[in-house]
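Novice: Got a structure for you, written out below as structure tokens; questions coming shortly.
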Amino acid sequence: MNPGDPNQPQQTWAAGQPAPGAPETAAPGVAGAAPGQYAAPGQYSSPGQVPYPPSQPVPPQPVPPQQAPSGQWGAQPGPQGWGAPSQPAPARQFDVRAQLPALLLIASTVAGLVTYFMGFVSWVVPDNSASETEIENWADNYANGSSGIPGFASYEIVLNPGKFLIVLGAIAIAAALVLIPRFRKAVPFLAVAAAGAWLALFSAAVTTTSVPVIGIGAGAIVALIFGFLQVGLLLGAAVLGGLRKE
């Protein structure tokens, strides 16, 4: 067979395959390779050269699934993440301790309205149980200076307690308005104003009873009781509101 004869069919050898009769040499760039052995797939004989193709295809290796770190989406099995169905929110329970200032304000509103309407009931009643002797002794004591005049014995307080009842009624309405959270800062001022109005009512009632011929009626007694409750509830709401902010 003459290699230079054009009539002979030319045989093309695959790249990396030694021609028949050629000496077997080691794979270039691989130290210690046996003669006739080629470089493994993915190894380069020198920088910039194309690796020798493998003699047999290498099956693909399975890629292990990557586990997401804890605390991220998809870390736990199950339908989670953005595509997960929304879970129903738990039902909100009524917290008595958190709503206690509001409850006290509502109770003070009721007590204040009751106090206001007691102004339409009898405040001063005649004391028919006083004898003439007791009346004469009381007049003699004032004439001789043995009995003093109370400091609250004035027209402003004793004979006109209705204005203090009006103040307590207005404070009751204001207590209903401060249920709105943005108005809660006014609760301490309402409590102080209600305390002043109730103290004026108390002084009027005590000064009235110092005269033996008159006494306080049912309206005064009920107004003093519910007015005291109104002041106490407002003070409690103010104190609890301040502690909650802390």
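By convention in this document, the chains of the structure tokens carry letters A, B, ... by their order, each chain's residues are numbered from 1, and ligands are numbered from 1 in the order they are shown.
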Please provide as a short mmCIF file (atom, residue, chain, number, x, y, z; two decimals) with N, CA and C atoms, in the first residue's frame all residues within 10 Å of segment 176-178 of chain A, with the sequence filter that same-chain residues fewer than 4 positions apart are discarded (counting only C-alpha atoms).

Specialist:
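And here is the file that came out, out09.cif:
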```
data_model
loop_
_atom_site.label_atom_id
_atom_site.label_comp_id
_atom_site.auth_asym_id
_atom_site.auth_seq_id
_atom_site.Cartn_x
_atom_site.Cartn_y
_atom_site.Cartn_z
N ALA A 102 -60.00 52.25 80.31
CA ALA A 102 -61.21 52.61 79.56
C ALA A 102 -62.47 52.21 80.33
N LEU A 105 -63.08 54.76 83.00
CA LEU A 105 -63.63 56.00 82.46
C LEU A 105 -65.13 55.87 82.18
N ILE A 106 -65.54 54.72 81.67
CA ILE A 106 -66.97 54.51 81.42
C ILE A 106 -67.75 54.53 82.73
N ALA A 107 -67.22 53.87 83.76
CA ALA A 107 -67.90 53.86 85.05
C ALA A 107 -67.97 55.26 85.66
N SER A 108 -66.90 56.05 85.49
CA SER A 108 -66.92 57.42 86.03
C SER A 108 -67.94 58.29 85.28
N THR A 109 -68.13 58.02 84.00
CA THR A 109 -69.15 58.77 83.25
C THR A 109 -70.55 58.50 83.81
N VAL A 110 -70.84 57.25 84.09
CA VAL A 110 -72.16 56.90 84.65
C VAL A 110 -72.34 57.53 86.03
N ILE A 171 -67.78 67.08 83.56
CA ILE A 171 -66.62 66.20 83.61
C ILE A 171 -67.01 64.77 83.22
N ALA A 172 -68.23 64.36 83.56
CA ALA A 172 -68.69 63.02 83.17
C ALA A 172 -68.76 62.90 81.65
N ARG A 182 -56.20 59.49 71.58
CA ARG A 182 -55.45 60.73 71.41
C ARG A 182 -55.81 61.77 72.46
N PHE A 183 -56.93 61.58 73.21
CA PHE A 183 -57.35 62.52 74.24
C PHE A 183 -57.06 62.00 75.65
N ARG A 184 -56.34 60.89 75.77
CA ARG A 184 -56.12 60.30 77.09
C ARG A 184 -55.25 61.18 78.00
N LYS A 185 -54.50 62.10 77.42
CA LYS A 185 -53.65 62.95 78.25
C LYS A 185 -54.44 63.89 79.15
N ALA A 186 -55.73 64.08 78.86
CA ALA A 186 -56.55 64.99 79.65
C ALA A 186 -57.16 64.33 80.88
N VAL A 187 -56.94 63.03 81.08
CA VAL A 187 -57.56 62.33 82.21
C VAL A 187 -57.08 62.88 83.55
N LEU A 190 -58.95 66.12 84.34
CA LEU A 190 -60.35 65.88 84.69
C LEU A 190 -60.48 65.34 86.11
#
```

Novice: Smallest atom-to-atom distance to Ile135 of chain A: which of A:Leu224, A:Ile214, A:Leu159, A:Met118, using only C-alpha atoms?

Specialist: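 Counting only C-alpha atoms, the residue closest to Ile135 of chain A is A:Ile214.
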
Novice: Near Glu132 of chain A, counting only C-alpha atoms, which residues have an atom at most 12 Å away, once you skip same-chain residues fewer than 6 positions from it, shown as a PDB file with N, CA, C and O atoms, in the first residue's frame?

Specialist:
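The file below, around_22.pdb, is the result:
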```pdb
ATOM      1  N   TRP A 138     -78.342  77.007 120.280  1.00  0.00           N
ATOM      2  CA  TRP A 138     -77.486  77.285 119.106  1.00  0.00           C
ATOM      3  C   TRP A 138     -77.380  78.780 118.849  1.00  0.00           C
ATOM      4  O   TRP A 138     -76.306  79.313 118.564  1.00  0.00           O
ATOM      5  N   ALA A 139     -78.512  79.511 118.998  1.00  0.00           N
ATOM      6  CA  ALA A 139     -78.500  80.964 118.799  1.00  0.00           C
ATOM      7  C   ALA A 139     -77.688  81.650 119.892  1.00  0.00           C
ATOM      8  O   ALA A 139     -76.936  82.604 119.620  1.00  0.00           O
ATOM      9  N   PRO A 212     -79.125  73.642 113.248  1.00  0.00           N
ATOM     10  CA  PRO A 212     -80.023  72.599 113.774  1.00  0.00           C
ATOM     11  C   PRO A 212     -81.399  72.584 113.119  1.00  0.00           C
ATOM     12  O   PRO A 212     -82.117  71.583 113.260  1.00  0.00           O
ATOM     13  N   VAL A 213     -81.823  73.620 112.410  1.00  0.00           N
ATOM     14  CA  VAL A 213     -83.181  73.657 111.869  1.00  0.00           C
ATOM     15  C   VAL A 213     -83.265  73.098 110.450  1.00  0.00           C
ATOM     16  O   VAL A 213     -84.365  72.934 109.924  1.00  0.00           O
TER      17      VAL A 213
END
```

Novice: Would you list the contacts of Pro126 of chain A as a PDB file with N, CA and C atoms, in the first residue's frame, taking every protein, DNA or RNA residue within 12 Å and counting only C-alpha atoms, but skipping same-chain residues closer than 3 positions in sequence?

Specialist:
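Printed below is out-v6.pdb as written:
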```pdb
ATOM      1  N   SER A 122     -84.210  66.955  96.191  1.00  0.00           N
ATOM      2  CA  SER A 122     -84.099  67.843  97.360  1.00  0.00           C
ATOM      3  C   SER A 122     -82.681  67.803  97.931  1.00  0.00           C
ATOM      4  N   TRP A 123     -82.132  68.978  98.143  1.00  0.00           N
ATOM      5  CA  TRP A 123     -80.793  69.107  98.694  1.00  0.00           C
ATOM      6  C   TRP A 123     -80.831  69.479 100.173  1.00  0.00           C
ATOM      7  N   SER A 129     -87.182  67.698 113.744  1.00  0.00           N
ATOM      8  CA  SER A 129     -86.892  67.003 114.997  1.00  0.00           C
ATOM      9  C   SER A 129     -86.192  67.897 116.008  1.00  0.00           C
ATOM     10  N   ALA A 130     -85.699  69.063 115.588  1.00  0.00           N
ATOM     11  CA  ALA A 130     -84.997  69.956 116.513  1.00  0.00           C
ATOM     12  C   ALA A 130     -86.009  70.654 117.424  1.00  0.00           C
ATOM     13  N   THR A 208     -74.024  72.851 106.014  1.00  0.00           N
ATOM     14  CA  THR A 208     -75.474  72.926 106.134  1.00  0.00           C
ATOM     15  C   THR A 208     -75.970  72.196 107.375  1.00  0.00           C
ATOM     16  N   THR A 209     -75.375  71.084 107.698  1.00  0.00           N
ATOM     17  CA  THR A 209     -75.819  70.306 108.862  1.00  0.00           C
ATOM     18  C   THR A 209     -75.437  70.962 110.185  1.00  0.00           C
ATOM     19  N   VAL A 211     -76.379  73.809 111.120  1.00  0.00           N
ATOM     20  CA  VAL A 211     -77.569  74.549 111.567  1.00  0.00           C
ATOM     21  C   VAL A 211     -78.605  73.534 112.044  1.00  0.00           C
ATOM     22  N   PRO A 212     -79.125  73.642 113.248  1.00  0.00           N
ATOM     23  CA  PRO A 212     -80.023  72.599 113.774  1.00  0.00           C
ATOM     24  C   PRO A 212     -81.399  72.584 113.119  1.00  0.00           C
ATOM     25  N   VAL A 213     -81.823  73.620 112.410  1.00  0.00           N
ATOM     26  CA  VAL A 213     -83.181  73.657 111.869  1.00  0.00           C
ATOM     27  C   VAL A 213     -83.265  73.098 110.450  1.00  0.00           C
ATOM     28  N   ILE A 214     -82.131  72.825 109.810  1.00  0.00           N
ATOM     29  CA  ILE A 214     -82.140  72.290 108.445  1.00  0.00           C
ATOM     30  C   ILE A 214     -81.209  71.093 108.381  1.00  0.00           C
ATOM     31  N   GLY A 215     -81.420  70.280 107.373  1.00  0.00           N
ATOM     32  CA  GLY A 215     -80.575  69.112 107.142  1.00  0.00           C
ATOM     33  C   GLY A 215     -80.447  68.863 105.643  1.00  0.00           C
ATOM     34  N   ILE A 216     -79.599  67.938 105.293  1.00  0.00           N
ATOM     35  CA  ILE A 216     -79.389  67.626 103.875  1.00  0.00           C
ATOM     36  C   ILE A 216     -80.402  66.561 103.461  1.00  0.00           C
ATOM     37  N   GLY A 217     -80.845  66.686 102.210  1.00  0.00           N
ATOM     38  CA  GLY A 217     -81.843  65.763 101.699  1.00  0.00           C
ATOM     39  C   GLY A 217     -81.223  64.569 101.005  1.00  0.00           C
TER      40      GLY A 217
END
```

Novice: I want to know what sits within 12 Å of Gly219 of chain A, based on only C-alpha atoms, with residues of the same chain fewer than 5 positions away left out; could you give that as a list of chain:residue names?

Specialist: A:Val114, A:Thr115, A:Tyr116, A:Phe117, A:Met118, A:Gly119, A:Phe120, A:Val121, A:Ser122, A:Trp123, A:Val124, A:Val125, A:Pro161, A:Gly162, A:Leu165, A:Leu201, A:Ala205, A:Leu224, A:Ile225, A:Phe226, A:Gly227

Novice: Going by DSSP on the backbone, which bits of segment 123-168 of chain A are alpha helix (DSSP H)? Write them as a ChimeraX atom specification, please.

Specialist: /A:132-144,162-168

Novice: Show which residues sit within 8 Å of Leu240 of chain A, as a ChimeraX atom specification. Count only C-alpha atoms, and ignore same-chain residues fewer than 3 positions away.

Specialist: /A:100-101,236-237,243-244

Novice: Given the choices A:Leu113, A:Ser131, A:Val192, A:Gly148, which gets closest to Ala170 of chain A if the distance is worked out from only C-alpha atoms?

Specialist: A:Leu113
